[in-house]
>>> print(open('model-v2.cif').read())   # mmCIF, C-alpha atoms, pLDDT in the B column; chains and numbers go by the auth columns
data_protein
#
loop_
_atom_site.group_PDB
_atom_site.id
_atom_site.type_symbol
_atom_site.label_atom_id
_atom_site.label_comp_id
_atom_site.label_asym_id
_atom_site.label_seq_id
_atom_site.Cartn_x
_atom_site.Cartn_y
_atom_site.Cartn_z
_atom_site.B_iso_or_equiv
_atom_site.auth_seq_id
_atom_site.auth_asym_id
ATOM 1 C CA MET A 1 26.376 -44.941 8.985 69.00 985 A
ATOM 2 C CA SER A 2 25.307 -44.664 5.354 80.00 986 A
ATOM 3 C CA PHE A 3 25.158 -41.381 3.475 83.00 987 A
ATOM 4 C CA GLN A 4 21.353 -41.405 3.661 84.00 988 A
ATOM 5 C CA GLN A 5 21.381 -42.017 7.413 87.00 989 A
ATOM 6 C CA HIS A 6 23.906 -39.223 7.802 91.00 990 A
ATOM 7 C CA GLU A 7 21.752 -36.830 5.762 90.00 991 A
ATOM 8 C CA LEU A 8 18.624 -37.768 7.686 92.00 992 A
ATOM 9 C CA ALA A 9 20.405 -37.224 11.019 94.00 993 A
ATOM 10 C CA LYS A 10 21.581 -33.848 9.725 93.00 994 A
ATOM 11 C CA PHE A 11 18.040 -32.840 8.775 94.00 995 A
ATOM 12 C CA LYS A 12 16.708 -33.937 12.155 94.00 996 A
ATOM 13 C CA ALA A 13 19.355 -31.875 13.946 95.00 997 A
ATOM 14 C CA GLN A 14 18.460 -28.927 11.717 93.00 998 A
ATOM 15 C CA PHE A 15 14.788 -29.431 12.543 94.00 999 A
ATOM 16 C CA GLU A 16 15.542 -29.358 16.286 94.00 1000 A
ATOM 17 C CA GLN A 17 17.669 -26.223 15.840 94.00 1001 A
ATOM 18 C CA GLN A 18 14.802 -24.529 14.006 93.00 1002 A
ATOM 19 C CA ASN A 19 12.460 -25.452 16.851 92.00 1003 A
ATOM 20 C CA ARG A 20 14.833 -23.758 19.299 92.00 1004 A
ATOM 21 C CA GLU A 21 14.951 -20.671 17.061 91.00 1005 A
ATOM 22 C CA TRP A 22 11.168 -20.639 17.061 90.00 1006 A
ATOM 23 C CA GLN A 23 11.071 -20.705 20.872 90.00 1007 A
ATOM 24 C CA THR A 24 13.578 -17.818 20.957 89.00 1008 A
ATOM 25 C CA LEU A 25 11.302 -15.941 18.605 88.00 1009 A
ATOM 26 C CA VAL A 26 8.308 -16.525 20.876 86.00 1010 A
ATOM 27 C CA SER A 27 10.333 -15.113 23.816 86.00 1011 A
ATOM 28 C CA ALA A 28 11.427 -12.108 21.748 84.00 1012 A
ATOM 29 C CA ILE A 29 7.815 -11.300 20.905 83.00 1013 A
ATOM 30 C CA GLU A 30 6.855 -11.546 24.548 82.00 1014 A
ATOM 31 C CA GLU A 31 9.572 -8.999 25.315 79.00 1015 A
ATOM 32 C CA LEU A 32 8.168 -6.614 22.707 78.00 1016 A
ATOM 33 C CA ASP A 33 4.973 -6.725 24.766 75.00 1017 A
ATOM 34 C CA GLY A 34 2.643 -5.709 21.952 72.00 1018 A
ATOM 35 C CA ARG A 35 4.361 -2.386 21.328 72.00 1019 A
ATOM 36 C CA VAL A 36 4.934 -2.862 17.603 73.00 1020 A
ATOM 37 C CA ALA A 37 2.802 -3.471 14.535 76.00 1021 A
ATOM 38 C CA LEU A 38 3.763 -5.178 11.316 77.00 1022 A
ATOM 39 C CA PRO A 39 3.338 -4.195 7.657 73.00 1023 A
ATOM 40 C CA ALA A 40 0.078 -5.569 6.338 69.00 1024 A
ATOM 41 C CA ASP A 41 1.651 -7.399 3.390 76.00 1025 A
ATOM 42 C CA VAL A 42 4.116 -9.336 5.490 80.00 1026 A
ATOM 43 C CA LEU A 43 2.004 -12.512 5.409 81.00 1027 A
ATOM 44 C CA GLN A 44 2.331 -12.619 1.622 82.00 1028 A
ATOM 45 C CA VAL A 45 6.089 -12.803 2.000 82.00 1029 A
ATOM 46 C CA PHE A 46 5.774 -15.823 4.276 84.00 1030 A
ATOM 47 C CA ASP A 47 3.300 -17.374 1.873 84.00 1031 A
ATOM 48 C CA GLU A 48 5.801 -16.944 -0.940 84.00 1032 A
ATOM 49 C CA VAL A 49 8.517 -18.599 1.125 82.00 1033 A
ATOM 50 C CA LEU A 50 6.394 -21.532 2.262 84.00 1034 A
ATOM 51 C CA ASP A 51 4.547 -22.094 -1.000 82.00 1035 A
ATOM 52 C CA ALA A 52 7.498 -21.804 -3.339 70.00 1036 A
ATOM 53 C CA GLY A 53 10.226 -23.337 -1.227 52.00 1037 A
ATOM 54 C CA PRO A 54 13.470 -21.492 -0.557 47.00 1038 A
ATOM 55 C CA ALA A 55 13.250 -17.903 -1.715 45.00 1039 A
ATOM 56 C CA THR A 56 15.206 -14.755 -1.252 46.00 1040 A
ATOM 57 C CA PRO A 57 13.635 -12.789 1.586 47.00 1041 A
ATOM 58 C CA ARG A 58 12.657 -9.271 0.711 47.00 1042 A
ATOM 59 C CA GLY A 59 15.344 -6.897 1.871 45.00 1043 A
ATOM 60 C CA ALA A 60 12.772 -4.332 2.904 41.00 1044 A
ATOM 61 C CA LEU A 61 11.703 -6.485 5.810 47.00 1045 A
ATOM 62 C CA ALA A 62 15.115 -6.273 7.456 44.00 1046 A
ATOM 63 C CA THR A 63 14.547 -2.580 8.163 44.00 1047 A
ATOM 64 C CA PRO A 64 10.855 -1.904 8.727 44.00 1048 A
ATOM 65 C CA PRO A 65 9.767 1.725 8.440 42.00 1049 A
ATOM 66 C CA HIS A 66 9.549 3.535 11.754 43.00 1050 A
ATOM 67 C CA HIS A 67 5.905 4.403 11.313 42.00 1051 A
ATOM 68 C CA TYR A 68 5.084 0.746 11.890 43.00 1052 A
ATOM 69 C CA VAL A 69 6.383 1.105 15.425 44.00 1053 A
ATOM 70 C CA ARG A 70 3.907 2.160 18.033 44.00 1054 A
ATOM 71 C CA ALA A 71 6.042 3.878 20.677 37.00 1055 A
ATOM 72 C CA MET B 1 12.705 -36.284 18.604 55.00 137 B
ATOM 73 C CA THR B 2 10.994 -33.315 20.169 51.00 138 B
ATOM 74 C CA GLN B 3 7.803 -32.356 18.423 51.00 139 B
ATOM 75 C CA VAL B 4 7.032 -28.682 18.712 53.00 140 B
ATOM 76 C CA THR B 5 3.497 -27.565 18.061 49.00 141 B
ATOM 77 C CA PHE B 6 3.422 -24.190 16.432 52.00 142 B
ATOM 78 C CA ASN B 7 0.252 -22.701 17.767 43.00 143 B
ATOM 79 C CA ALA B 8 -1.008 -20.261 20.309 37.00 144 B
ATOM 80 C CA VAL B 9 -1.761 -22.977 22.838 38.00 145 B
ATOM 81 C CA SER B 10 1.985 -23.440 23.401 46.00 146 B
ATOM 82 C CA SER B 11 2.229 -19.852 24.586 51.00 147 B
ATOM 83 C CA PRO B 12 -0.399 -18.381 26.924 53.00 148 B
ATOM 84 C CA TYR B 13 1.057 -14.967 26.100 53.00 149 B
ATOM 85 C CA LEU B 14 0.388 -15.390 22.396 51.00 150 B
ATOM 86 C CA ALA B 15 -3.088 -16.700 23.091 50.00 151 B
ATOM 87 C CA ALA B 16 -3.883 -13.670 25.263 54.00 152 B
ATOM 88 C CA ASN B 17 -2.415 -11.124 22.872 52.00 153 B
ATOM 89 C CA THR B 18 -3.806 -12.218 19.555 49.00 154 B
ATOM 90 C CA ASN B 19 -5.618 -9.518 17.686 47.00 155 B
ATOM 91 C CA VAL B 20 -7.299 -10.994 14.621 44.00 156 B
ATOM 92 C CA ASN B 21 -8.163 -7.553 13.229 46.00 157 B
ATOM 93 C CA GLY B 22 -4.624 -6.179 13.139 52.00 158 B
ATOM 94 C CA LEU B 23 -1.277 -7.596 12.184 72.00 159 B
ATOM 95 C CA THR B 24 0.467 -7.746 15.503 80.00 160 B
ATOM 96 C CA PRO B 25 3.619 -9.873 15.896 81.00 161 B
ATOM 97 C CA GLU B 26 1.409 -12.286 17.828 82.00 162 B
ATOM 98 C CA SER B 27 -1.018 -12.720 14.942 82.00 163 B
ATOM 99 C CA LEU B 28 1.932 -13.166 12.595 83.00 164 B
ATOM 100 C CA MET B 29 3.158 -15.962 14.849 85.00 165 B
ATOM 101 C CA ILE B 30 -0.264 -17.600 14.913 86.00 166 B
ATOM 102 C CA TYR B 31 -0.461 -17.486 11.135 86.00 167 B
ATOM 103 C CA LEU B 32 3.104 -18.637 10.639 87.00 168 B
ATOM 104 C CA GLY B 33 2.625 -21.356 13.252 88.00 169 B
ATOM 105 C CA SER B 34 -0.366 -22.698 11.374 88.00 170 B
ATOM 106 C CA ARG B 35 1.575 -22.758 8.109 87.00 171 B
ATOM 107 C CA LEU B 36 4.580 -24.408 9.742 90.00 172 B
ATOM 108 C CA ASN B 37 2.386 -27.067 11.332 90.00 173 B
ATOM 109 C CA GLN B 38 1.257 -28.151 7.872 88.00 174 B
ATOM 110 C CA LEU B 39 4.849 -28.236 6.680 91.00 175 B
ATOM 111 C CA ASP B 40 5.945 -30.125 9.786 93.00 176 B
ATOM 112 C CA GLU B 41 3.426 -32.898 9.211 93.00 177 B
ATOM 113 C CA LYS B 42 4.886 -33.358 5.749 93.00 178 B
ATOM 114 C CA ILE B 43 8.467 -33.299 7.057 94.00 179 B
ATOM 115 C CA GLN B 44 7.699 -35.779 9.857 94.00 180 B
ATOM 116 C CA THR B 45 6.054 -38.118 7.345 95.00 181 B
ATOM 117 C CA VAL B 46 9.173 -38.032 5.177 94.00 182 B
ATOM 118 C CA PHE B 47 11.421 -38.591 8.231 95.00 183 B
ATOM 119 C CA ALA B 48 9.398 -41.686 9.140 95.00 184 B
ATOM 120 C CA LYS B 49 9.376 -42.972 5.565 95.00 185 B
ATOM 121 C CA GLN B 50 13.130 -42.492 5.217 94.00 186 B
ATOM 122 C CA GLU B 51 13.691 -44.513 8.371 94.00 187 B
ATOM 123 C CA ARG B 52 11.428 -47.280 7.064 95.00 188 B
ATOM 124 C CA ASN B 53 13.288 -47.287 3.739 94.00 189 B
ATOM 125 C CA GLN B 54 16.625 -47.613 5.534 94.00 190 B
ATOM 126 C CA LYS B 55 15.360 -50.696 7.381 95.00 191 B
ATOM 127 C CA VAL B 56 14.012 -52.187 4.151 96.00 192 B
ATOM 128 C CA GLN B 57 17.329 -51.536 2.409 95.00 193 B
ATOM 129 C CA ALA B 58 19.225 -53.201 5.258 95.00 194 B
ATOM 130 C CA ALA B 59 17.022 -56.309 4.981 96.00 195 B
ATOM 131 C CA LEU B 60 17.406 -56.367 1.181 96.00 196 B
ATOM 132 C CA ASN B 61 21.186 -56.124 1.538 96.00 197 B
ATOM 133 C CA GLU B 62 21.089 -58.987 4.009 96.00 198 B
ATOM 134 C CA ILE B 63 19.151 -61.203 1.559 95.00 199 B
ATOM 135 C CA MET B 64 21.576 -60.213 -1.202 96.00 200 B
ATOM 136 C CA THR B 65 24.561 -61.190 0.976 95.00 201 B
ATOM 137 C CA ILE B 66 23.016 -64.583 1.719 95.00 202 B
ATOM 138 C CA VAL B 67 22.240 -65.249 -1.953 92.00 203 B
ATOM 139 C CA THR B 68 25.719 -64.106 -3.048 92.00 204 B
ATOM 140 C CA GLU B 69 27.225 -66.769 -0.803 91.00 205 B
ATOM 141 C CA PHE B 70 25.176 -69.555 -2.447 89.00 206 B
ATOM 142 C CA GLN B 71 26.978 -72.197 -4.459 86.00 207 B
ATOM 143 C CA SER B 72 26.802 -71.688 -8.214 85.00 208 B
ATOM 144 C CA SER B 73 27.895 -73.463 -11.343 80.00 209 B
ATOM 145 C CA GLU B 74 28.497 -72.821 -15.046 85.00 210 B
ATOM 146 C CA ASP B 75 25.675 -75.237 -15.625 88.00 211 B
ATOM 147 C CA LEU B 76 22.768 -72.949 -14.861 85.00 212 B
ATOM 148 C CA SER B 77 20.450 -75.878 -14.188 83.00 213 B
ATOM 149 C CA GLU B 78 22.678 -77.766 -11.730 86.00 214 B
ATOM 150 C CA GLU B 79 20.889 -77.964 -8.408 85.00 215 B
ATOM 151 C CA PHE B 80 22.234 -77.254 -4.927 88.00 216 B
ATOM 152 C CA VAL B 81 20.609 -77.406 -1.539 86.00 217 B
ATOM 153 C CA MET B 82 20.488 -74.615 1.013 90.00 218 B
ATOM 154 C CA THR B 83 20.094 -75.375 4.710 89.00 219 B
ATOM 155 C CA GLU B 84 16.765 -74.847 6.443 90.00 220 B
ATOM 156 C CA GLU B 85 18.547 -72.229 8.520 93.00 221 B
ATOM 157 C CA THR B 86 19.564 -70.234 5.436 93.00 222 B
ATOM 158 C CA LYS B 87 16.028 -70.394 4.101 92.00 223 B
ATOM 159 C CA ALA B 88 14.736 -69.210 7.478 92.00 224 B
ATOM 160 C CA GLN B 89 17.195 -66.289 7.398 95.00 225 B
ATOM 161 C CA ILE B 90 15.870 -65.159 4.022 94.00 226 B
ATOM 162 C CA GLU B 91 12.296 -65.486 5.241 94.00 227 B
ATOM 163 C CA ALA B 92 13.139 -63.591 8.431 96.00 228 B
ATOM 164 C CA ASN B 93 14.503 -60.719 6.351 96.00 229 B
ATOM 165 C CA ILE B 94 11.340 -60.707 4.254 96.00 230 B
ATOM 166 C CA GLU B 95 9.379 -60.478 7.515 97.00 231 B
ATOM 167 C CA GLN B 96 11.512 -57.489 8.549 97.00 232 B
ATOM 168 C CA ILE B 97 10.591 -55.819 5.271 97.00 233 B
ATOM 169 C CA ARG B 98 6.920 -56.731 5.895 97.00 234 B
ATOM 170 C CA ALA B 99 7.034 -54.848 9.187 96.00 235 B
ATOM 171 C CA GLN B 100 8.000 -51.686 7.279 96.00 236 B
ATOM 172 C CA ASP B 101 6.263 -52.153 3.925 95.00 237 B
ATOM 173 C CA PRO B 102 3.804 -55.079 3.717 96.00 238 B
ATOM 174 C CA GLN B 103 3.085 -54.544 0.027 96.00 239 B
ATOM 175 C CA LEU B 104 6.751 -54.651 -0.980 96.00 240 B
ATOM 176 C CA ALA B 105 7.346 -57.695 1.235 96.00 241 B
ATOM 177 C CA ALA B 106 4.443 -59.540 -0.400 96.00 242 B
ATOM 178 C CA GLU B 107 5.869 -58.741 -3.813 95.00 243 B
ATOM 179 C CA ILE B 108 9.387 -59.909 -2.852 95.00 244 B
ATOM 180 C CA ASP B 109 7.998 -63.079 -1.275 94.00 245 B
ATOM 181 C CA GLU B 110 5.981 -63.808 -4.396 93.00 246 B
ATOM 182 C CA GLN B 111 8.969 -63.236 -6.691 93.00 247 B
ATOM 183 C CA LEU B 112 11.433 -65.279 -4.656 93.00 248 B
ATOM 184 C CA ARG B 113 9.011 -68.232 -4.525 91.00 249 B
ATOM 185 C CA HIS B 114 8.388 -68.206 -8.280 88.00 250 B
ATOM 186 C CA GLY B 115 11.450 -68.949 -10.380 83.00 251 B
ATOM 187 C CA GLN B 116 13.924 -67.654 -7.810 87.00 252 B
ATOM 188 C CA VAL B 117 15.799 -69.041 -4.798 85.00 253 B
ATOM 189 C CA LEU B 118 12.730 -69.871 -2.697 90.00 254 B
ATOM 190 C CA ASN B 119 11.088 -71.655 -5.632 85.00 255 B
ATOM 191 C CA SER B 120 11.433 -75.134 -4.171 82.00 256 B
ATOM 192 C CA ASN B 121 9.861 -76.490 -0.997 78.00 257 B
ATOM 193 C CA ASN B 122 12.823 -78.782 -0.371 82.00 258 B
ATOM 194 C CA CYS B 123 15.432 -75.969 -0.293 88.00 259 B
ATOM 195 C CA ARG B 124 16.791 -76.748 -3.762 88.00 260 B
ATOM 196 C CA TYR B 125 17.991 -74.006 -6.079 89.00 261 B
ATOM 197 C CA ASN B 126 20.098 -73.590 -9.215 89.00 262 B
ATOM 198 C CA THR B 127 22.378 -70.878 -10.636 90.00 263 B
ATOM 199 C CA ARG B 128 19.679 -69.556 -12.940 91.00 264 B
ATOM 200 C CA GLN B 129 17.500 -68.869 -9.902 92.00 265 B
ATOM 201 C CA ILE B 130 20.401 -67.216 -8.067 92.00 266 B
ATOM 202 C CA ASN B 131 21.023 -64.886 -11.001 92.00 267 B
ATOM 203 C CA ALA B 132 17.327 -64.058 -11.305 92.00 268 B
ATOM 204 C CA THR B 133 17.150 -63.316 -7.578 93.00 269 B
ATOM 205 C CA LYS B 134 20.226 -61.075 -7.673 94.00 270 B
ATOM 206 C CA GLU B 135 18.871 -59.112 -10.640 94.00 271 B
ATOM 207 C CA TYR B 136 15.496 -58.748 -8.984 95.00 272 B
ATOM 208 C CA LEU B 137 16.971 -57.593 -5.658 95.00 273 B
ATOM 209 C CA LYS B 138 19.236 -55.115 -7.458 96.00 274 B
ATOM 210 C CA GLY B 139 16.186 -53.672 -9.235 96.00 275 B
ATOM 211 C CA VAL B 140 14.196 -53.356 -6.004 95.00 276 B
ATOM 212 C CA THR B 141 17.154 -51.742 -4.223 95.00 277 B
ATOM 213 C CA LYS B 142 17.708 -49.305 -7.087 95.00 278 B
ATOM 214 C CA ASP B 143 14.037 -48.284 -7.129 95.00 279 B
ATOM 215 C CA LEU B 144 14.106 -47.782 -3.388 94.00 280 B
ATOM 216 C CA GLU B 145 17.274 -45.675 -3.593 93.00 281 B
ATOM 217 C CA SER B 146 15.793 -43.505 -6.333 93.00 282 B
ATOM 218 C CA GLN B 147 12.634 -42.983 -4.292 92.00 283 B
ATOM 219 C CA THR B 148 14.710 -42.191 -1.184 92.00 284 B
ATOM 220 C CA GLN B 149 16.858 -39.672 -3.047 91.00 285 B
ATOM 221 C CA LEU B 150 13.832 -37.913 -4.522 92.00 286 B
ATOM 222 C CA GLU B 151 12.255 -37.650 -1.092 93.00 287 B
ATOM 223 C CA MET B 152 15.529 -36.319 0.329 93.00 288 B
ATOM 224 C CA ILE B 153 15.533 -33.552 -2.276 92.00 289 B
ATOM 225 C CA GLY B 154 11.954 -32.681 -1.321 92.00 290 B
ATOM 226 C CA LEU B 155 12.902 -32.785 2.350 93.00 291 B
ATOM 227 C CA GLN B 156 15.840 -30.470 1.741 92.00 292 B
ATOM 228 C CA SER B 157 13.542 -28.001 0.006 92.00 293 B
ATOM 229 C CA ASP B 158 10.949 -28.129 2.821 92.00 294 B
ATOM 230 C CA MET B 159 13.614 -27.744 5.502 93.00 295 B
ATOM 231 C CA SER B 160 15.043 -24.803 3.641 92.00 296 B
ATOM 232 C CA ALA B 161 11.614 -23.131 3.375 90.00 297 B
ATOM 233 C CA ARG B 162 11.054 -23.723 7.102 92.00 298 B
ATOM 234 C CA GLN B 163 14.462 -22.222 7.897 92.00 299 B
ATOM 235 C CA THR B 164 13.810 -19.210 5.678 90.00 300 B
ATOM 236 C CA ALA B 165 10.402 -18.576 7.258 89.00 301 B
ATOM 237 C CA ILE B 166 11.717 -18.778 10.833 91.00 302 B
ATOM 238 C CA GLN B 167 14.801 -16.707 9.981 90.00 303 B
ATOM 239 C CA LEU B 168 12.668 -14.115 8.239 87.00 304 B
ATOM 240 C CA ALA B 169 10.356 -13.847 11.229 88.00 305 B
ATOM 241 C CA THR B 170 13.365 -13.600 13.561 88.00 306 B
ATOM 242 C CA ASN B 171 14.969 -10.838 11.460 87.00 307 B
ATOM 243 C CA LEU B 172 11.676 -9.007 11.231 83.00 308 B
ATOM 244 C CA ILE B 173 11.035 -9.109 14.957 83.00 309 B
ATOM 245 C CA ALA B 174 14.668 -8.216 15.718 83.00 310 B
ATOM 246 C CA ALA B 175 14.448 -5.220 13.388 81.00 311 B
ATOM 247 C CA MET B 176 11.176 -4.185 15.043 77.00 312 B
ATOM 248 C CA GLY B 177 12.847 -4.422 18.439 76.00 313 B
ATOM 249 C CA GLU B 178 15.761 -2.285 17.249 77.00 314 B
ATOM 250 C CA SER B 179 13.379 0.308 15.773 73.00 315 B
ATOM 251 C CA LEU B 180 11.525 0.419 19.058 71.00 316 B
ATOM 252 C CA LYS B 181 14.759 1.000 20.991 73.00 317 B
ATOM 253 C CA SER B 182 15.735 3.736 18.539 73.00 318 B
ATOM 254 C CA VAL B 183 12.378 5.537 18.963 69.00 319 B
ATOM 255 C CA ALA B 184 12.663 5.231 22.752 67.00 320 B
ATOM 256 C CA SER B 185 16.194 6.676 22.776 73.00 321 B
ATOM 257 C CA ASN B 186 15.084 9.618 20.557 72.00 322 B
ATOM 258 C CA ILE B 187 12.318 10.442 23.033 67.00 323 B
ATOM 259 C CA ARG B 188 14.849 10.449 25.886 60.00 324 B
#
>>> encode(input="model-v2.cif", output="structure tokens")
Amino acid sequence: MSFQQHELAKFKAQFEQQNREWQTLVSAIEELDGRVALPADVLQVFDEVLDAGPATPRGALATPPHHYVRA
Amino acid sequence: MTQVTFNAVSSPYLAANTNVNGLTPESLMIYLGSRLNQLDEKIQTVFAKQERNQKVQAALNEIMTIVTEFQSSEDLSEEFVMTEETKAQIEANIEQIRAQDPQLAAEIDEQLRHGQVLNSNNCRYNTRQINATKEYLKGVTKDLESQTQLEMIGLQSDMSARQTAIQLATNLIAAMGESLKSVASNIR
């Protein structure tokens, strides 16, 4: 297998792994059962990531303020 | 390879719980799914192109191997004869390239039949034509490799963005879940 074939196989495996992570995420959201809300500017963060390629995620998102949680 | 469609249709729950007026996790997923679908189309296109390039490179290497084994002489004009079978092998490899990239195959066919090893109808060739063919094939291979490498860099960047977006969403939802548990335990 050439280097390029190896790299392509690696990317495909990574792609499949990401798809599994996505499905886990869907399940996690189902478990939350609509009991939480998200900060309004969160979409901008995803836009930054997807428009500009790899970026450092904002640290603030790792610990969302409690007032975003609807108990 | 499994193709996942990132939209609400894949999850009846998400479809039933989407609130377009507020930013619920479900609406985040719908939005993110839409963005990822666009990215996925791009990634799948590059995957397919990379696979085509690999097949083209294999066929080019095969032609190069055949030509390298041709007889040659210090007298660049001295003629030799290849077998009909050898000629058919070269043509078969050009056809394999045509199946992946018709434009490139047409160009290679044209070049090899004008001043290179497929120049003559009666399978005759000389060292000058061998050298010209080798140089031409090297150039085509090099261009293809450069193009492949550039696309790989782009693919790496897109995959990384996709990973970051999914990881970010996962961390966000996980943190939300933890916050929810914390609020619930405080109430108890």
>>> closest_atom_pairs(input="model-v2.cif", of="chain B", to="chain A", cutoff="7 Å", atoms="all atoms listed in the file", output="tab-separated table")
residue	atom	partner	partner_atom	distance
B:Val140	CA	A:Asn1003	CA	6.6
B:Tyr149	CA	A:Glu1014	CA	6.9
B:Leu159	CA	A:Leu1022	CA	5.7
B:Thr160	CA	A:Ala1021	CA	5.0
B:Pro161	CA	A:Leu1022	CA	6.6
B:Ser293	CA	A:Gly1037	CA	5.9
B:Asp294	CA	A:Gly1037	CA	6.3
B:Ser296	CA	A:Pro1038	CA	5.6
B:Ala297	CA	A:Pro1038	CA	4.6
B:Gln299	CA	A:Gln1002	CA	6.5
B:Thr300	CA	A:Pro1038	CA	6.6
B:Ala301	CA	A:Phe1030	CA	6.2
B:Ile302	CA	A:Trp1006	CA	6.5
B:Leu304	CA	A:Pro1041	CA	6.9
B:Thr306	CA	A:Leu1009	CA	5.9
B:Asn307	CA	A:Ala1046	CA	6.1
B:Leu308	CA	A:Ala1046	CA	5.8
B:Ala311	CA	A:Thr1047	CA	5.9
B:Met312	CA	A:Pro1048	CA	6.7
B:Gly313	CA	A:Leu1016	CA	6.7
B:Ser315	CA	A:His1050	CA	6.4
B:Leu316	CA	A:Val1053	CA	6.3
B:Val319	CA	A:Ala1055	CA	6.8
>>> atom_distance(input="model-v2.cif", atom1="CA of Met200 (chain B)", atom2="CA of Lys274 (chain B)")
8.4 Å
>>> resolve_selection(input="model-v2.cif", expression="the PyMOL selection byres ((chain B and resi 168) around 10)", output="mmCIF file with C-alpha atoms, in the coordinates of the input")
data_model
loop_
_atom_site.group_PDB
_atom_site.id
_atom_site.type_symbol
_atom_site.label_atom_id
_atom_site.label_comp_id
_atom_site.auth_asym_id
_atom_site.auth_seq_id
_atom_site.Cartn_x
_atom_site.Cartn_y
_atom_site.Cartn_z
ATOM 1 C CA LEU A 1027 2.004 -12.512 5.409
ATOM 2 C CA PHE A 1030 5.774 -15.823 4.276
ATOM 3 C CA ASP A 1031 3.300 -17.374 1.873
ATOM 4 C CA LEU A 1034 6.394 -21.532 2.262
ATOM 5 C CA PHE B 142 3.422 -24.190 16.432
ATOM 6 C CA ASN B 143 0.252 -22.701 17.767
ATOM 7 C CA GLU B 162 1.409 -12.286 17.828
ATOM 8 C CA SER B 163 -1.018 -12.720 14.942
ATOM 9 C CA LEU B 164 1.932 -13.166 12.595
ATOM 10 C CA MET B 165 3.158 -15.962 14.849
ATOM 11 C CA ILE B 166 -0.264 -17.600 14.913
ATOM 12 C CA TYR B 167 -0.461 -17.486 11.135
ATOM 13 C CA GLY B 169 2.625 -21.356 13.252
ATOM 14 C CA SER B 170 -0.366 -22.698 11.374
ATOM 15 C CA ARG B 171 1.575 -22.758 8.109
ATOM 16 C CA LEU B 172 4.580 -24.408 9.742
ATOM 17 C CA ASN B 173 2.386 -27.067 11.332
ATOM 18 C CA ALA B 301 10.402 -18.576 7.258
ATOM 19 C CA ILE B 302 11.717 -18.778 10.833
ATOM 20 C CA ALA B 305 10.356 -13.847 11.229
#
>>> resolve_selection(input="model-v2.cif", expression="the PyMOL selection byres ((chain B and resi 232) around 10)", output="count of residues only")
18
>>> residues_around(input="model-v2.cif", residues="region 250-257 of chain B", least_positions_apart="3", cutoff="6 Å", atoms="all atoms listed in the file", output="number ranges by chain")
B: 247, 260-261, 265-266, 269
>>> atom_distance(input="model-v2.cif", atom1="CA of Gln186 (chain B)", atom2="CA of Thr277 (chain B)")
13.8 Å
>>> closest_residue(input="model-v2.cif", among="B:Gln225, B:Arg249, B:Met288, B:Thr219", to="His990 (chain A)", atoms="only C-alpha atoms")
B:Met288
>>> atom_distance(input="model-v2.cif", atom1="CA of Leu280 (chain B)", atom2="CA of Arg298 (chain B)")
26.4 Å
>>> closest_residue(input="model-v2.cif", among="B:Thr263, B:Glu177, B:Leu248, B:Phe183", to="Glu210 (chain B)", atoms="only C-alpha atoms")
B:Thr263
